[in-house]
Amino acid sequence: MYLLIPAAGSGRRMGAKRNKLLLPLLGQPVLAWTLLAAKQSQQIEWIGIIGQPEDWLDFKNIISHLELSDKVHLIQGGSTRQESVYRGLQGLPTTANRVLIHDGARCLATSDLFDRCAEALQCCAGLIAAVPVKDTIKIVKPDSQIIDRTPDRNQLWAAQTPQGFAVETLRQCHDEGLRHGWEVTDDAALFEQCGLPVTIVEGEETNLKVTTPVDLAIAEFILRQRIS
Ligand code: CTP
Ligand code: MG
């Protein structure tokens, strides 16, 4: 299975001076934990990390430290996640029929989750890891703080990554997105906009996306429990 890891963000909400994926988490950069889980997956054979050239030296150090140099390739990212994935898809070998896409910032996803997503992707063209929403979610009227309505929580799932797709179909969805100016924060949204089905695979409650400083603290807590 081929895996693309978007890692070309700047981590604005983290408020650090560098890409949040290079911040230390229990003695290793955030991205190293993500790569470690991918390495431990039975299914992943090829990994493309989508990054910005200014981070490449650091990425290369992480890759060689994990002895992943044979498996991992660097691809230059864009100015949005959507553009980064678009470029990642262009950087896939021609033999890639199916691809998993996993945010570098989701450093707590387990190898078991990668394996389950890869296996499920044998039978469908679009899937995402997701978990049922625990909070009651409100939809707020645009440019206000007034609630418009409350969607039924039983129908709400929080989207995670890995997300998996048939490569050629996802490329077509990205092209369609560019033509129509759709701006999305995950790849499943492009599939959905094109009217294609996306299946849910049970994700992991601990599979948080390191976004703000508190996420780093929670991630550290969870990792400590796992390795003790
Ligand atoms: N990403 C990317 N290319 C971009 C923007 C984001 O590859 N131009 C990646 C990030 O590196 C991250 C994933 O997409 O692994 C999810 O994005 P997010 O959590 O929003 O990370 P950042 O964009 O770095 O953070 P922020 O939005 O706070 O700036
Ligand atoms: Mg972002």
# chains A, B, ... in the order shown; residues from 1 in each chain; ligands from 1

call {"tool": "closest_atom_pairs", "arguments": {"of": "stretch 14-91 of chain A", "to": "stretch 189-194 of chain A", "cutoff": "12 Å", "atoms": "only C-alpha atoms", "output": "Markdown table"}}
result
| residue | atom | partner | partner_atom | distance |
| --- | --- | --- | --- | --- |
| A:Gln82 | CA | A:Leu190 | CA | 9.6 |
| A:Val85 | CA | A:Leu190 | CA | 11.7 |
| A:Tyr86 | CA | A:Leu190 | CA | 11.5 |

call {"tool": "residues_around", "arguments": {"residues": "A:Leu100", "least_positions_apart": "6", "cutoff": "12 Å", "atoms": "only C-alpha atoms", "output": "number ranges by chain"}}
result
A: 1-6, 38, 43-48, 85, 88-89, 92, 113-122, 125-129, 161-167, 170, 187-188

call {"tool": "write_last_selection", "arguments": {"atoms": "C-alpha atoms", "output": "short mmCIF file (atom, residue, chain, number, x, y, z; two decimals), in the first residue's frame"}}
result
data_model
loop_
_atom_site.label_atom_id
_atom_site.label_comp_id
_atom_site.auth_asym_id
_atom_site.auth_seq_id
_atom_site.Cartn_x
_atom_site.Cartn_y
_atom_site.Cartn_z
CA MET A 1 0.00 0.00 0.00
CA TYR A 2 1.14 3.53 -0.80
CA LEU A 3 0.95 6.21 1.89
CA LEU A 4 1.09 9.99 1.48
CA ILE A 5 1.79 12.11 4.57
CA PRO A 6 0.89 15.81 4.26
CA ALA A 38 3.45 3.68 9.49
CA GLN A 43 0.62 -3.04 4.83
CA ILE A 44 2.59 0.13 4.04
CA GLU A 45 5.33 -0.38 1.45
CA TRP A 46 5.94 3.12 0.09
CA ILE A 47 5.70 6.44 1.92
CA GLY A 48 5.70 9.92 0.38
CA VAL A 85 -2.14 16.43 -1.48
CA GLY A 88 1.55 14.31 -3.52
CA LEU A 89 -0.74 12.48 -5.93
CA LEU A 92 3.09 8.77 -6.64
CA LEU A 113 -5.50 1.59 12.24
CA PHE A 114 -3.25 1.80 9.14
CA ASP A 115 -3.68 -1.95 8.62
CA ARG A 116 -7.47 -1.85 9.00
CA CYS A 117 -7.78 1.07 6.57
CA ALA A 118 -5.50 -0.60 4.02
CA GLU A 119 -7.49 -3.84 4.23
CA ALA A 120 -10.84 -2.05 3.90
CA LEU A 121 -9.52 -0.19 0.86
CA GLN A 122 -9.35 -3.47 -1.08
CA ALA A 125 -12.78 3.42 -3.65
CA GLY A 126 -13.13 5.90 -0.80
CA LEU A 127 -12.91 5.58 2.99
CA ILE A 128 -12.01 7.55 6.08
CA ALA A 129 -11.26 6.73 9.69
CA THR A 161 -7.06 10.25 8.80
CA PRO A 162 -5.99 7.79 7.37
CA GLN A 163 -8.29 8.36 4.43
CA GLY A 164 -7.99 5.96 1.50
CA PHE A 165 -8.90 6.25 -2.16
CA ALA A 166 -8.57 4.83 -5.63
CA VAL A 167 -5.75 7.03 -6.96
CA LEU A 170 -9.09 10.95 -6.33
CA ASP A 187 -9.90 14.59 0.65
CA ALA A 188 -13.14 12.81 1.42
#

call {"tool": "residues_near_ligand", "arguments": {"ligand": "ligand 1", "cutoff": "6 Å", "atoms": "only C-alpha atoms and all ligand atoms", "output": "ChimeraX atom specification"}}
result
/A:6-14,50,77-81,84,103-105,211

call {"tool": "select_by_dssp", "arguments": {"residues": "stretch 122-189 of chain A", "states": "strand (DSSP E)", "output": "PyMOL selection string"}}
result
chain A and resi 126-132+139-140+147-149+157-166

call {"tool": "write_last_selection", "arguments": {"atoms": "C-alpha atoms", "output": "PDB file, in the first residue's frame"}}
result
ATOM      1  CA  GLY A 126     -13.128   5.899  -0.803  1.00  0.00           C
ATOM      2  CA  LEU A 127     -12.907   5.585   2.990  1.00  0.00           C
ATOM      3  CA  ILE A 128     -12.008   7.546   6.083  1.00  0.00           C
ATOM      4  CA  ALA A 129     -11.263   6.726   9.689  1.00  0.00           C
ATOM      5  CA  ALA A 130     -13.821   8.485  11.890  1.00  0.00           C
ATOM      6  CA  VAL A 131     -15.294   8.337  15.402  1.00  0.00           C
ATOM      7  CA  PRO A 132     -18.769   9.210  16.697  1.00  0.00           C
ATOM      8  CA  ILE A 139     -24.560  25.163  13.480  1.00  0.00           C
ATOM      9  CA  VAL A 140     -24.237  28.923  13.881  1.00  0.00           C
ATOM     10  CA  ILE A 147     -27.356  29.244  16.759  1.00  0.00           C
ATOM     11  CA  ASP A 148     -29.139  28.257  13.602  1.00  0.00           C
ATOM     12  CA  ARG A 149     -29.816  24.619  14.494  1.00  0.00           C
ATOM     13  CA  TRP A 157     -18.896  11.532  12.996  1.00  0.00           C
ATOM     14  CA  ALA A 158     -15.575  13.301  13.520  1.00  0.00           C
ATOM     15  CA  ALA A 159     -13.376  12.767  10.465  1.00  0.00           C
ATOM     16  CA  GLN A 160      -9.811  11.580  10.988  1.00  0.00           C
ATOM     17  CA  THR A 161      -7.057  10.252   8.802  1.00  0.00           C
ATOM     18  CA  PRO A 162      -5.991   7.792   7.366  1.00  0.00           C
ATOM     19  CA  GLN A 163      -8.289   8.362   4.430  1.00  0.00           C
ATOM     20  CA  GLY A 164      -7.994   5.960   1.502  1.00  0.00           C
ATOM     21  CA  PHE A 165      -8.896   6.247  -2.162  1.00  0.00           C
ATOM     22  CA  ALA A 166      -8.569   4.833  -5.633  1.00  0.00           C
TER      23      ALA A 166
END

call {"tool": "atom_distance", "arguments": {"atom1": "atom CA of A:Glu54", "atom2": "atom CA of A:Asp186"}}
result
24.2 Å

call {"tool": "closest_residue", "arguments": {"among": "A:Lys141, A:Arg98, A:Lys60, A:His65", "to": "A:Arg171", "atoms": "only C-alpha atoms"}}
result
A:Arg98

call {"tool": "residues_around", "arguments": {"residues": "A:Gly15", "least_positions_apart": "6", "cutoff": "12 Å", "atoms": "only C-alpha atoms", "output": "PyMOL selection string"}}
result
chain A and resi 23+211-214

call {"tool": "write_last_selection", "arguments": {"atoms": "C-alpha atoms", "output": "short mmCIF file (atom, residue, chain, number, x, y, z; two decimals), in the first residue's frame"}}
result
data_model
loop_
_atom_site.label_atom_id
_atom_site.label_comp_id
_atom_site.auth_asym_id
_atom_site.auth_seq_id
_atom_site.Cartn_x
_atom_site.Cartn_y
_atom_site.Cartn_z
CA LEU A 23 8.44 20.08 17.74
CA THR A 211 -3.07 21.48 16.40
CA THR A 212 -2.68 23.69 19.50
CA PRO A 213 -0.26 23.45 22.48
CA VAL A 214 -2.78 21.54 24.61
#

call {"tool": "atom_distance", "arguments": {"atom1": "atom CA of A:Ser228", "atom2": "atom CA of A:Glu204"}}
result
19.7 Å

call {"tool": "closest_residue", "arguments": {"among": "A:Arg87, A:Lys17, A:Arg226, A:His73", "to": "A:Thr110", "atoms": "only C-alpha atoms"}}
result
A:Arg226

call {"tool": "closest_residue", "arguments": {"among": "A:Glu202, A:Glu83, A:Asp70, A:Asp175", "to": "ligand 2", "atoms": "only C-alpha atoms and all ligand atoms"}}
result
A:Glu83

call {"tool": "decode", "arguments": {"residues": "stretch 179-228 of chain A", "atoms": "N, CA and C atoms", "output": "PDB file, in the first residue's frame"}}
result
ATOM      1  N   ARG A 179     -11.319  23.073 -10.755  1.00  0.00           N
ATOM      2  CA  ARG A 179     -12.188  23.714 -11.759  1.00  0.00           C
ATOM      3  C   ARG A 179     -13.287  24.536 -11.102  1.00  0.00           C
ATOM      4  N   HIS A 180     -13.846  24.001 -10.007  1.00  0.00           N
ATOM      5  CA  HIS A 180     -14.995  24.659  -9.370  1.00  0.00           C
ATOM      6  C   HIS A 180     -14.590  25.559  -8.205  1.00  0.00           C
ATOM      7  N   GLY A 181     -13.316  25.575  -7.850  1.00  0.00           N
ATOM      8  CA  GLY A 181     -12.856  26.398  -6.729  1.00  0.00           C
ATOM      9  C   GLY A 181     -13.323  25.900  -5.374  1.00  0.00           C
ATOM     10  N   TRP A 182     -13.544  24.565  -5.268  1.00  0.00           N
ATOM     11  CA  TRP A 182     -13.923  24.023  -3.958  1.00  0.00           C
ATOM     12  C   TRP A 182     -12.732  24.098  -3.018  1.00  0.00           C
ATOM     13  N   GLU A 183     -12.969  24.608  -1.801  1.00  0.00           N
ATOM     14  CA  GLU A 183     -11.906  24.619  -0.792  1.00  0.00           C
ATOM     15  C   GLU A 183     -12.286  23.652   0.309  1.00  0.00           C
ATOM     16  N   VAL A 184     -11.455  22.640   0.513  1.00  0.00           N
ATOM     17  CA  VAL A 184     -11.802  21.574   1.462  1.00  0.00           C
ATOM     18  C   VAL A 184     -10.663  21.348   2.437  1.00  0.00           C
ATOM     19  N   THR A 185     -10.987  20.746   3.579  1.00  0.00           N
ATOM     20  CA  THR A 185      -9.933  20.462   4.562  1.00  0.00           C
ATOM     21  C   THR A 185      -9.615  18.971   4.643  1.00  0.00           C
ATOM     22  N   ASP A 186     -10.353  18.140   3.906  1.00  0.00           N
ATOM     23  CA  ASP A 186      -9.902  16.747   3.751  1.00  0.00           C
ATOM     24  C   ASP A 186     -10.266  16.254   2.360  1.00  0.00           C
ATOM     25  N   ASP A 187      -9.727  15.082   2.010  1.00  0.00           N
ATOM     26  CA  ASP A 187      -9.902  14.585   0.648  1.00  0.00           C
ATOM     27  C   ASP A 187     -11.263  13.954   0.443  1.00  0.00           C
ATOM     28  N   ALA A 188     -11.814  13.399   1.525  1.00  0.00           N
ATOM     29  CA  ALA A 188     -13.145  12.815   1.417  1.00  0.00           C
ATOM     30  C   ALA A 188     -14.148  13.866   0.920  1.00  0.00           C
ATOM     31  N   ALA A 189     -13.975  15.116   1.341  1.00  0.00           N
ATOM     32  CA  ALA A 189     -14.926  16.168   0.948  1.00  0.00           C
ATOM     33  C   ALA A 189     -14.966  16.330  -0.572  1.00  0.00           C
ATOM     34  N   LEU A 190     -13.830  16.123  -1.238  1.00  0.00           N
ATOM     35  CA  LEU A 190     -13.814  16.224  -2.700  1.00  0.00           C
ATOM     36  C   LEU A 190     -14.582  15.056  -3.317  1.00  0.00           C
ATOM     37  N   PHE A 191     -14.384  13.869  -2.747  1.00  0.00           N
ATOM     38  CA  PHE A 191     -15.124  12.684  -3.194  1.00  0.00           C
ATOM     39  C   PHE A 191     -16.627  12.930  -3.052  1.00  0.00           C
ATOM     40  N   GLU A 192     -17.014  13.435  -1.864  1.00  0.00           N
ATOM     41  CA  GLU A 192     -18.437  13.687  -1.582  1.00  0.00           C
ATOM     42  C   GLU A 192     -19.005  14.696  -2.573  1.00  0.00           C
ATOM     43  N   GLN A 193     -18.269  15.787  -2.796  1.00  0.00           N
ATOM     44  CA  GLN A 193     -18.743  16.843  -3.717  1.00  0.00           C
ATOM     45  C   GLN A 193     -18.967  16.280  -5.112  1.00  0.00           C
ATOM     46  N   CYS A 194     -18.192  15.262  -5.467  1.00  0.00           N
ATOM     47  CA  CYS A 194     -18.339  14.640  -6.785  1.00  0.00           C
ATOM     48  C   CYS A 194     -19.440  13.582  -6.785  1.00  0.00           C
ATOM     49  N   GLY A 195     -20.107  13.418  -5.638  1.00  0.00           N
ATOM     50  CA  GLY A 195     -21.215  12.468  -5.570  1.00  0.00           C
ATOM     51  C   GLY A 195     -20.775  11.026  -5.395  1.00  0.00           C
ATOM     52  N   LEU A 196     -19.527  10.812  -4.968  1.00  0.00           N
ATOM     53  CA  LEU A 196     -19.015   9.444  -4.819  1.00  0.00           C
ATOM     54  C   LEU A 196     -19.123   8.994  -3.359  1.00  0.00           C
ATOM     55  N   PRO A 197     -19.385   7.706  -3.140  1.00  0.00           N
ATOM     56  CA  PRO A 197     -19.544   7.228  -1.758  1.00  0.00           C
ATOM     57  C   PRO A 197     -18.213   7.145  -1.018  1.00  0.00           C
ATOM     58  N   VAL A 198     -18.243   7.504   0.255  1.00  0.00           N
ATOM     59  CA  VAL A 198     -17.070   7.365   1.132  1.00  0.00           C
ATOM     60  C   VAL A 198     -17.508   6.556   2.357  1.00  0.00           C
ATOM     61  N   THR A 199     -16.805   5.472   2.614  1.00  0.00           N
ATOM     62  CA  THR A 199     -17.146   4.572   3.723  1.00  0.00           C
ATOM     63  C   THR A 199     -16.398   4.977   4.997  1.00  0.00           C
ATOM     64  N   ILE A 200     -17.036   4.756   6.131  1.00  0.00           N
ATOM     65  CA  ILE A 200     -16.373   5.031   7.402  1.00  0.00           C
ATOM     66  C   ILE A 200     -15.766   3.745   7.974  1.00  0.00           C
ATOM     67  N   VAL A 201     -14.507   3.862   8.386  1.00  0.00           N
ATOM     68  CA  VAL A 201     -13.832   2.806   9.142  1.00  0.00           C
ATOM     69  C   VAL A 201     -13.725   3.327  10.569  1.00  0.00           C
ATOM     70  N   GLU A 202     -14.017   2.466  11.554  1.00  0.00           N
ATOM     71  CA  GLU A 202     -13.954   2.916  12.949  1.00  0.00           C
ATOM     72  C   GLU A 202     -12.549   3.434  13.274  1.00  0.00           C
ATOM     73  N   GLY A 203     -12.463   4.708  13.621  1.00  0.00           N
ATOM     74  CA  GLY A 203     -11.162   5.301  13.938  1.00  0.00           C
ATOM     75  C   GLY A 203     -10.782   5.056  15.386  1.00  0.00           C
ATOM     76  N   GLU A 204      -9.908   5.899  15.923  1.00  0.00           N
ATOM     77  CA  GLU A 204      -9.438   5.725  17.303  1.00  0.00           C
ATOM     78  C   GLU A 204      -9.668   7.020  18.072  1.00  0.00           C
ATOM     79  N   GLU A 205     -10.207   6.878  19.270  1.00  0.00           N
ATOM     80  CA  GLU A 205     -10.488   8.053  20.096  1.00  0.00           C
ATOM     81  C   GLU A 205      -9.214   8.853  20.371  1.00  0.00           C
ATOM     82  N   THR A 206      -8.091   8.143  20.472  1.00  0.00           N
ATOM     83  CA  THR A 206      -6.818   8.822  20.783  1.00  0.00           C
ATOM     84  C   THR A 206      -6.142   9.416  19.542  1.00  0.00           C
ATOM     85  N   ASN A 207      -6.714   9.208  18.380  1.00  0.00           N
ATOM     86  CA  ASN A 207      -6.080   9.665  17.135  1.00  0.00           C
ATOM     87  C   ASN A 207      -6.324  11.164  16.935  1.00  0.00           C
ATOM     88  N   LEU A 208      -5.802  11.954  17.864  1.00  0.00           N
ATOM     89  CA  LEU A 208      -6.035  13.397  17.766  1.00  0.00           C
ATOM     90  C   LEU A 208      -5.065  14.030  16.776  1.00  0.00           C
ATOM     91  N   LYS A 209      -5.425  15.210  16.295  1.00  0.00           N
ATOM     92  CA  LYS A 209      -4.538  15.961  15.402  1.00  0.00           C
ATOM     93  C   LYS A 209      -3.848  17.027  16.243  1.00  0.00           C
ATOM     94  N   VAL A 210      -2.546  16.973  16.329  1.00  0.00           N
ATOM     95  CA  VAL A 210      -1.801  17.961  17.099  1.00  0.00           C
ATOM     96  C   VAL A 210      -1.963  19.317  16.405  1.00  0.00           C
ATOM     97  N   THR A 211      -2.735  20.200  17.034  1.00  0.00           N
ATOM     98  CA  THR A 211      -3.073  21.481  16.401  1.00  0.00           C
ATOM     99  C   THR A 211      -2.670  22.665  17.282  1.00  0.00           C
ATOM    100  N   THR A 212      -3.016  22.604  18.577  1.00  0.00           N
ATOM    101  CA  THR A 212      -2.682  23.692  19.500  1.00  0.00           C
ATOM    102  C   THR A 212      -1.802  23.111  20.628  1.00  0.00           C
ATOM    103  N   PRO A 213      -1.177  23.965  21.445  1.00  0.00           N
ATOM    104  CA  PRO A 213      -0.259  23.451  22.478  1.00  0.00           C
ATOM    105  C   PRO A 213      -0.895  22.401  23.397  1.00  0.00           C
ATOM    106  N   VAL A 214      -2.170  22.518  23.696  1.00  0.00           N
ATOM    107  CA  VAL A 214      -2.778  21.537  24.606  1.00  0.00           C
ATOM    108  C   VAL A 214      -2.793  20.143  23.971  1.00  0.00           C
ATOM    109  N   ASP A 215      -2.885  20.080  22.654  1.00  0.00           N
ATOM    110  CA  ASP A 215      -2.859  18.770  21.985  1.00  0.00           C
ATOM    111  C   ASP A 215      -1.519  18.072  22.188  1.00  0.00           C
ATOM    112  N   LEU A 216      -0.450  18.866  22.193  1.00  0.00           N
ATOM    113  CA  LEU A 216       0.889  18.283  22.429  1.00  0.00           C
ATOM    114  C   LEU A 216       0.969  17.679  23.827  1.00  0.00           C
ATOM    115  N   ALA A 217       0.400  18.402  24.796  1.00  0.00           N
ATOM    116  CA  ALA A 217       0.424  17.912  26.185  1.00  0.00           C
ATOM    117  C   ALA A 217      -0.390  16.623  26.300  1.00  0.00           C
ATOM    118  N   ILE A 218      -1.557  16.577  25.640  1.00  0.00           N
ATOM    119  CA  ILE A 218      -2.400  15.366  25.693  1.00  0.00           C
ATOM    120  C   ILE A 218      -1.689  14.207  24.984  1.00  0.00           C
ATOM    121  N   ALA A 219      -1.079  14.514  23.845  1.00  0.00           N
ATOM    122  CA  ALA A 219      -0.359  13.472  23.086  1.00  0.00           C
ATOM    123  C   ALA A 219       0.755  12.888  23.941  1.00  0.00           C
ATOM    124  N   GLU A 220       1.458  13.744  24.650  1.00  0.00           N
ATOM    125  CA  GLU A 220       2.556  13.259  25.490  1.00  0.00           C
ATOM    126  C   GLU A 220       2.015  12.326  26.574  1.00  0.00           C
ATOM    127  N   PHE A 221       0.890  12.711  27.154  1.00  0.00           N
ATOM    128  CA  PHE A 221       0.271  11.888  28.200  1.00  0.00           C
ATOM    129  C   PHE A 221      -0.084  10.499  27.649  1.00  0.00           C
ATOM    130  N   ILE A 222      -0.702  10.485  26.473  1.00  0.00           N
ATOM    131  CA  ILE A 222      -1.152   9.205  25.893  1.00  0.00           C
ATOM    132  C   ILE A 222       0.053   8.322  25.529  1.00  0.00           C
ATOM    133  N   LEU A 223       1.080   8.936  24.950  1.00  0.00           N
ATOM    134  CA  LEU A 223       2.267   8.154  24.569  1.00  0.00           C
ATOM    135  C   LEU A 223       2.963   7.575  25.795  1.00  0.00           C
ATOM    136  N   ARG A 224       3.021   8.358  26.872  1.00  0.00           N
ATOM    137  CA  ARG A 224       3.637   7.875  28.117  1.00  0.00           C
ATOM    138  C   ARG A 224       2.929   6.614  28.617  1.00  0.00           C
ATOM    139  N   GLN A 225       1.582   6.650  28.565  1.00  0.00           N
ATOM    140  CA  GLN A 225       0.806   5.466  28.992  1.00  0.00           C
ATOM    141  C   GLN A 225       1.143   4.259  28.126  1.00  0.00           C
ATOM    142  N   ARG A 226       1.303   4.510  26.821  1.00  0.00           N
ATOM    143  CA  ARG A 226       1.523   3.395  25.901  1.00  0.00           C
ATOM    144  C   ARG A 226       2.876   2.742  26.113  1.00  0.00           C
ATOM    145  N   ILE A 227       3.889   3.563  26.390  1.00  0.00           N
ATOM    146  CA  ILE A 227       5.234   2.964  26.472  1.00  0.00           C
ATOM    147  C   ILE A 227       5.617   2.524  27.881  1.00  0.00           C
ATOM    148  N   SER A 228       4.726   2.818  28.869  1.00  0.00           N
ATOM    149  CA  SER A 228       5.113   2.413  30.231  1.00  0.00           C
ATOM    150  C   SER A 228       4.640   0.980  30.515  1.00  0.00           C
TER     151      SER A 228
END
